[in-house]
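Working notes, beginning with the structure itself.
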There are 2 protein chains.
Amino acid sequence: MSPVDAARPQLKIRQIHLDTGRENVAVISRHSKALRPEVFSGFSRVEIRRGNQSMLATLLITDDNAMVGPDDLGLAEPAFRRFGEAAGSLVSVTPASPPASLDAVRGKIQGRTLTAPEIEAIVNDLARYRYSDMEIAAFLIGAARFMTSDELLALVSAMASVGTQLRWDRPVVVDKHCIGGIPGNRTSMVLVPIVAAHGLTIPKTSSRAITSPAGTADTMEVLARVDVGVPEMKEIVAACNGCLIWGGHVNLSPADDILISVERPLCLDTREQMVASIMSKKLAAGSTHLLVDLPLGPSAKVISPIDAMRLRKLFEFVGDHFGIAVETITTDGRQPIGNGIGPVLEAQDVMAVLGNDPKAPADLREKSLRLAGHLLEYDPNLRGGSGYARARELLESGAALKQMQKIIDNQGPTNCRKDLGTLTTDIVAPRDGVVTGIDNLQLNRLARTAGAPIDKGAGIKLFKKVGDRVEQGEPLYRIYAFDPSEQELAVSAAEESSGYTVDGVHAFREQVL
Amino acid sequence: MSPVDAARPQLKIRQIHLDTGRENVAVISRHSKALRPEVFSGFSRVEIRRGNQSMLATLLITDDNAMVGPDDLGLAEPAFRRFGEAAGSLVSVTPASPPASLDAVRGKIQGRTLTAPEIEAIVNDLARYRYSDMEIAAFLIGAARFMTSDELLALVSAMASVGTQLRWDRPVVVDKHCIGGIPGNRTSMVLVPIVAAHGLTIPKTSSRAITSPAGTADTMEVLARVDVGVPEMKEIVAACNGCLIWGGHVNLSPADDILISVERPLCLDTREQMVASIMSKKLAAGSTHLLVDLPLGPSAKVISPIDAMRLRKLFEFVGDHFGIAVETITTDGRQPIGNGIGPVLEAQDVMAVLGNDPKAPADLREKSLRLAGHLLEYDPNLRGGSGYARARELLESGAALKQMQKIIDNQGPTNCRKDLGTLTTDIVAPRDGVVTGIDNLQLNRLARTAGAPIDKGAGIKLFKKVGDRVEQGEPLYRIYAFDPSEQELAVSAAEESSGYTVDGVHAFREQVL
């Protein structure tokens, strides 16, 4: 501790039970003994120090002595946890200059190309929570306008280097990733057991929902535990050739999680950021072969074949540089895949496909087989062109279902509720005709509003898909909820805009989520 | 109230004594009776409604029943004040889509040129606090890369239309504005009484410091009240031809204040935003003739003559469009103007100049006379070229001092303390030599750290300026403070980097504030 720290009045930290998301927030009394908070307001942030421990935080001021007294410094929830010192510990607080790497962010905003060390410094500061939300937004928006090839490679490399780096003792480690945006679409949960049953290694880590009604990790959690750490993950993969766990617990590319949490509310989803996000995670995960699913449709993330081609080139470019064999596949993204939206409903679809149930959704089955077929072709010992047939064989023989049960057993039991929402409402067709469109964004929003993924059994079950004939008053889909007010919110939103177009009537909503 | 609102559980609002700056923040219990907060986390913000009253806010979650109970909705300080309903009032809370105008912001980020109605919608949402801090940053950064001439005009027009619009019953209403960044530099307080004594109308509104140690309003407040509303402002101008008041109380271009509060911590200060900020205020203020002071120097906002010329062209272009006669003047911005930095010290400099004190700082006197001379030339009855001589005559005769006293009397007495900081420390020259540079940014930061402008008497008094010879150990400047810990912070920062270069030694700090 420097002599300056010793002389300056210190403050006792206390925890403020306020969840401020990713941002570090500290609360100081307007009558603080250490420093008058108004003096700080000219500086963007403060630095909190104890010994060698240092943290940057955004400062809020309170007049409420019960919240934070004149001798205290309140730390909101993530900041208190990250600082890691006991309540009552003495700390010093000083005005902080912004992180030095923010100069490079300003350069990017002004149109400058950044060097690899500059990008590394930005990613390191991001991962250490040294950026405020506004500063994270500044980097994302600055980079959204243009990013050179070299910048993109530097970003992927820096992001992959921060956090866990998985390495596998096998020559072929396959992975599949969808760029997202399509409700349902739980192909990973079908293809991982198929590929693992064949004998290829597929250690799948997935995300939880951020703004959608379910991520693969949320849906898998209906069937098994997904909060699995690295050593246990290795054991599961050794036993089963594959796994279906939550990536957050493994801490792959944590800077990516921070960037995504700001990207989503701002609806910033550029090609370069999408590629950097996915490729940094795969590089850290030790994948050797990657298949990227690019759904194409009017309410998908990719809306034109030209966009899909540009994305493909970018994935290939980055994959080649880092020695990952990347293949992209353009799929039908005009509507949800499967019938369920929300963890329990989606898990039912998955188990129906794996169980060869004749009522299982054909689109989920067919798409999963197609993707699994591609992945199986990465097996050097499989005869070229026979991947799809092999995938179907593994599914129809029950080998895939058996492998799924083995994965579930190895990951261990979940303590999630598996019952469906008890409050149901059917949304019906406004006229006779043919379903000509389904808005992915609106259905995601409705299912989320109904309580998914927090309530595993909340969500939407589709009765009609594009091309189906409907009669006026016939149900299009059913909303499941547990909470009456969430049910009501979802139903009134569905009545305002059902997300379905019948005979071309009922336009897509332009802006959702 | 819609039937939906009536059925949904409502929450009682309560005030949370937490100052969250410009952003609306609401706090909900993790065990809320109305809606589970996790459901909201997929949406960027919430809408709070009571009858026709509606407000968007960012939502934080608490586990602390003492802060917000399950039946309550906490509103942090600015949100509670803006919502304007009594504590205990029942409100409904729903997930909110981002403001529709945010689509245009995303378009701007992607490189699209915005239409005038789009820019109007953005400015209206900004002024109604419907943007989160991140969304404000998104607009600023999107616009920082490029802005067309038409976009700039639309922005100025939209910003000027929101808030108060002053109109004066006189053919010539003059104004002067400095783009800022130079410590001291209180020329307005010298030239307003000169110009008003001559008989020209100069209703000057000024800002308070945001990140600097003093704005003109902070310094004027040492001498007179500055929180003056529109009707009283008109009376003062009728009596004195001019005034020196705080613009914030008059509510000119409030969207500008919101943009600036995000620009400053991000250090985003583009030409277009600077011109939009200043010109929207002047358009709203009803100025007919405007003189813009552009200080030029290595630590000023304008660092090259080419930048100064580009700024001049932009000011002229916007001025011509809106019928304001704009003239720019490039001034010496290599160092602070005057000797004092901080409200009391600056007010002493100003009164010394107006009182023709032989010890008054010559640079402040000379610069003020030069600017006043330009402004006086806007009087059609004054012989061309005689502005400077007329200004000097009004200063030397004591007419300007008399006019200043009249303005002070009309604005009324202040209740600010006028004593200088009792804790003083001299920062001395590290070697013999000549002062070759003074870093404006570092001196601003030091004076702010010492307590200015919150303590009117805190700040810095300069003993040496550029070109002065100094001996080792001779004081360069004196730091004034009231608070021991702020004194210590300022002194240790000055010891790390004094801001002075002697014989070319001691580099400018690259990044300050």
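Labels for the structure tokens follow display order: chains A, B, ..., residues from 1 in each chain, ligands from 1.
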Determine which residues of chain B sit within 6 Å of chain A, taking into account only C-alpha atoms, and present them as a compact mmCIF listing (two decimals) with C-alpha atoms, in the first residue's frame.
# COMPACT_ATOMS: atom_id res chain seq x y z
CA ARG B 8 -52.55 -7.41 -13.69
CA HIS B 17 -32.40 7.47 -2.62
CA LEU B 18 -29.91 6.57 -5.30
CA ASP B 19 -28.71 9.17 -7.76
CA THR B 20 -28.39 7.41 -11.12
CA GLY B 42 -34.64 -10.65 -22.03
CA SER B 44 -33.89 -4.17 -22.76
CA LEU B 60 -32.30 -3.65 -11.50
CA ILE B 61 -33.18 -6.58 -9.25
CA THR B 62 -32.80 -6.66 -5.47
CA ASP B 63 -32.97 -9.41 -2.81
CA ASP B 64 -33.22 -6.83 -0.07
CA MET B 134 -26.12 2.62 -23.90
CA THR B 211 -15.89 17.42 -16.24
CA PRO B 265 -17.04 10.48 -20.22
CA SER B 485 -8.03 14.17 1.23
Write out as a PDB file with N, CA and C atoms, in the first residue's frame the residues lying within 7 Å of region 156-158 of chain A, counting only C-alpha atoms and excluding same-chain residues fewer than 6 positions away.
ATOM      1  N   GLU A 120      -5.762  -7.004 -28.248  1.00  0.00           N
ATOM      2  CA  GLU A 120      -5.516  -7.827 -27.051  1.00  0.00           C
ATOM      3  C   GLU A 120      -5.771  -7.044 -25.774  1.00  0.00           C
ATOM      4  N   VAL A 123      -9.503  -6.646 -25.222  1.00  0.00           N
ATOM      5  CA  VAL A 123     -10.154  -7.893 -24.789  1.00  0.00           C
ATOM      6  C   VAL A 123      -9.783  -8.222 -23.337  1.00  0.00           C
ATOM      7  N   ALA A 276     -16.464 -13.733 -34.906  1.00  0.00           N
ATOM      8  CA  ALA A 276     -15.490 -13.648 -33.810  1.00  0.00           C
ATOM      9  C   ALA A 276     -16.016 -14.380 -32.586  1.00  0.00           C
ATOM     10  N   MET A 279     -16.110 -18.342 -33.478  1.00  0.00           N
ATOM     11  CA  MET A 279     -14.794 -18.942 -33.711  1.00  0.00           C
ATOM     12  C   MET A 279     -13.903 -18.851 -32.475  1.00  0.00           C
ATOM     13  N   SER A 280     -14.045 -17.786 -31.663  1.00  0.00           N
ATOM     14  CA  SER A 280     -13.226 -17.717 -30.451  1.00  0.00           C
ATOM     15  C   SER A 280     -13.618 -18.840 -29.494  1.00  0.00           C
TER      16      SER A 280
END
Handout entry: For region 473-476 of chain A: contacts at 8 Å, only C-alpha atoms, fewer than 4 positions along chain excluded, given as a VMD selection string
Key = chain A and resid 426 to 431 462 to 464
Problem - Spatial neighbours of Gly373 (chain B), max dist 9 Å, only C-alpha atoms, sep filter under 4 positions, as JSON, numbers by chain - result: {"B": [191, 195, 368, 369, 377, 385, 386, 387, 388, 389, 390, 391, 392]}
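Interatomic distance, CA of Thr436 (chain B) against CA of Gly467 (chain B): 6.1 Å.
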Practice task
Write out as a count of residues only which residues come within 8 Å of Gly247 (chain A) when counting only C-alpha atoms, dropping same-chain ones fewer than 4 positions away.
Solution key: 5
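Minimum atom-to-atom distances from B:Ser92, B:Ser277, B:Thr201, B:Asn241 to Met55 (chain B) were compared using only C-alpha atoms, and the lowest value belongs to B:Ser92.
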Exercise for the section: Might you pull out every residue within 7 Å of Gly297 (chain B), with only C-alpha atoms counted and same-chain residues fewer than 2 positions away left off, and present them as number ranges by chain? Expected result: B: 295, 299-300, 302-303, 332-334
Output all heavy atoms for every residue in that selection, as an mmCIF file, in the first residue's frame.
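Below is the file that was written, again-v4.cif:
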data_model
loop_
_atom_site.group_PDB
_atom_site.id
_atom_site.type_symbol
_atom_site.label_atom_id
_atom_site.label_comp_id
_atom_site.auth_asym_id
_atom_site.auth_seq_id
_atom_site.Cartn_x
_atom_site.Cartn_y
_atom_site.Cartn_z
ATOM 1 N N PRO B 295 -9.985 28.134 -29.495
ATOM 2 C CA PRO B 295 -8.597 28.113 -29.016
ATOM 3 C C PRO B 295 -7.823 26.980 -29.695
ATOM 4 O O PRO B 295 -8.330 25.873 -29.834
ATOM 5 C CB PRO B 295 -8.731 27.859 -27.513
ATOM 6 C CG PRO B 295 -10.162 28.153 -27.176
ATOM 7 C CD PRO B 295 -10.935 27.808 -28.412
ATOM 8 N N SER B 299 -2.822 20.984 -26.366
ATOM 9 C CA SER B 299 -3.736 20.317 -25.438
ATOM 10 C C SER B 299 -5.099 21.010 -25.437
ATOM 11 O O SER B 299 -5.856 20.941 -24.482
ATOM 12 C CB SER B 299 -3.143 20.269 -24.025
ATOM 13 O OG SER B 299 -2.912 21.578 -23.547
ATOM 14 N N ALA B 300 -5.407 21.713 -26.541
ATOM 15 C CA ALA B 300 -6.731 22.330 -26.714
ATOM 16 C C ALA B 300 -7.610 21.377 -27.510
ATOM 17 O O ALA B 300 -7.152 20.336 -27.966
ATOM 18 C CB ALA B 300 -6.588 23.668 -27.447
ATOM 19 N N VAL B 302 -8.917 22.060 -30.420
ATOM 20 C CA VAL B 302 -8.484 22.185 -31.814
ATOM 21 C C VAL B 302 -6.972 22.240 -31.810
ATOM 22 O O VAL B 302 -6.382 23.119 -31.170
ATOM 23 C CB VAL B 302 -9.079 23.461 -32.450
ATOM 24 C CG1 VAL B 302 -8.567 23.617 -33.884
ATOM 25 C CG2 VAL B 302 -10.594 23.418 -32.432
ATOM 26 N N ILE B 303 -6.342 21.268 -32.501
ATOM 27 C CA ILE B 303 -4.886 21.213 -32.401
ATOM 28 C C ILE B 303 -4.179 21.613 -33.692
ATOM 29 O O ILE B 303 -2.966 21.705 -33.714
ATOM 30 C CB ILE B 303 -4.408 19.807 -31.939
ATOM 31 C CG1 ILE B 303 -4.886 18.716 -32.897
ATOM 32 C CG2 ILE B 303 -4.873 19.505 -30.521
ATOM 33 C CD1 ILE B 303 -4.277 17.363 -32.619
ATOM 34 N N ASP B 332 -5.190 31.859 -29.036
ATOM 35 C CA ASP B 332 -4.076 31.097 -28.479
ATOM 36 C C ASP B 332 -4.591 30.134 -27.410
ATOM 37 O O ASP B 332 -5.038 30.562 -26.350
ATOM 38 C CB ASP B 332 -3.064 32.081 -27.885
ATOM 39 C CG ASP B 332 -1.829 31.369 -27.345
ATOM 40 O OD1 ASP B 332 -1.807 30.119 -27.340
ATOM 41 O OD2 ASP B 332 -0.884 32.075 -26.936
ATOM 42 N N GLY B 333 -4.514 28.840 -27.690
ATOM 43 C CA GLY B 333 -5.004 27.852 -26.738
ATOM 44 C C GLY B 333 -3.887 26.981 -26.191
ATOM 45 O O GLY B 333 -4.122 25.855 -25.772
ATOM 46 N N ARG B 334 -2.668 27.521 -26.180
ATOM 47 C CA ARG B 334 -1.526 26.705 -25.731
ATOM 48 C C ARG B 334 -1.454 26.563 -24.219
ATOM 49 O O ARG B 334 -0.706 25.760 -23.696
ATOM 50 C CB ARG B 334 -0.220 27.327 -26.228
ATOM 51 C CG ARG B 334 -0.003 27.219 -27.724
ATOM 52 C CD ARG B 334 1.235 28.004 -28.122
ATOM 53 N NE ARG B 334 1.112 29.394 -27.685
ATOM 54 C CZ ARG B 334 2.138 30.201 -27.469
ATOM 55 N NH1 ARG B 334 3.376 29.774 -27.635
ATOM 56 N NH2 ARG B 334 1.936 31.450 -27.080
#
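Proximity to Leu443 (chain B) at 8 Å, evaluated using only C-alpha atoms and with sequence-adjacent residues fewer than 5 positions away removed, yields Pro183, Ile460, Ser498 and Gly499 of chain B.
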Problem - Members of region 117-351 of chain A assigned alpha helix (DSSP H) by DSSP, as number ranges by chain - result: A: 117-127, 133-145, 149-161, 187-198, 216-220, 230-240, 254-266, 271-285, 305-322, 343-351
Problem - All strand (DSSP E) residues (DSSP, backbone) inside region 200-382 of chain B, as a count of residues only - result: 28
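Separating CA of Ala57 (chain A) from CA of Gly74 (chain A) is a distance of 11.1 Å.
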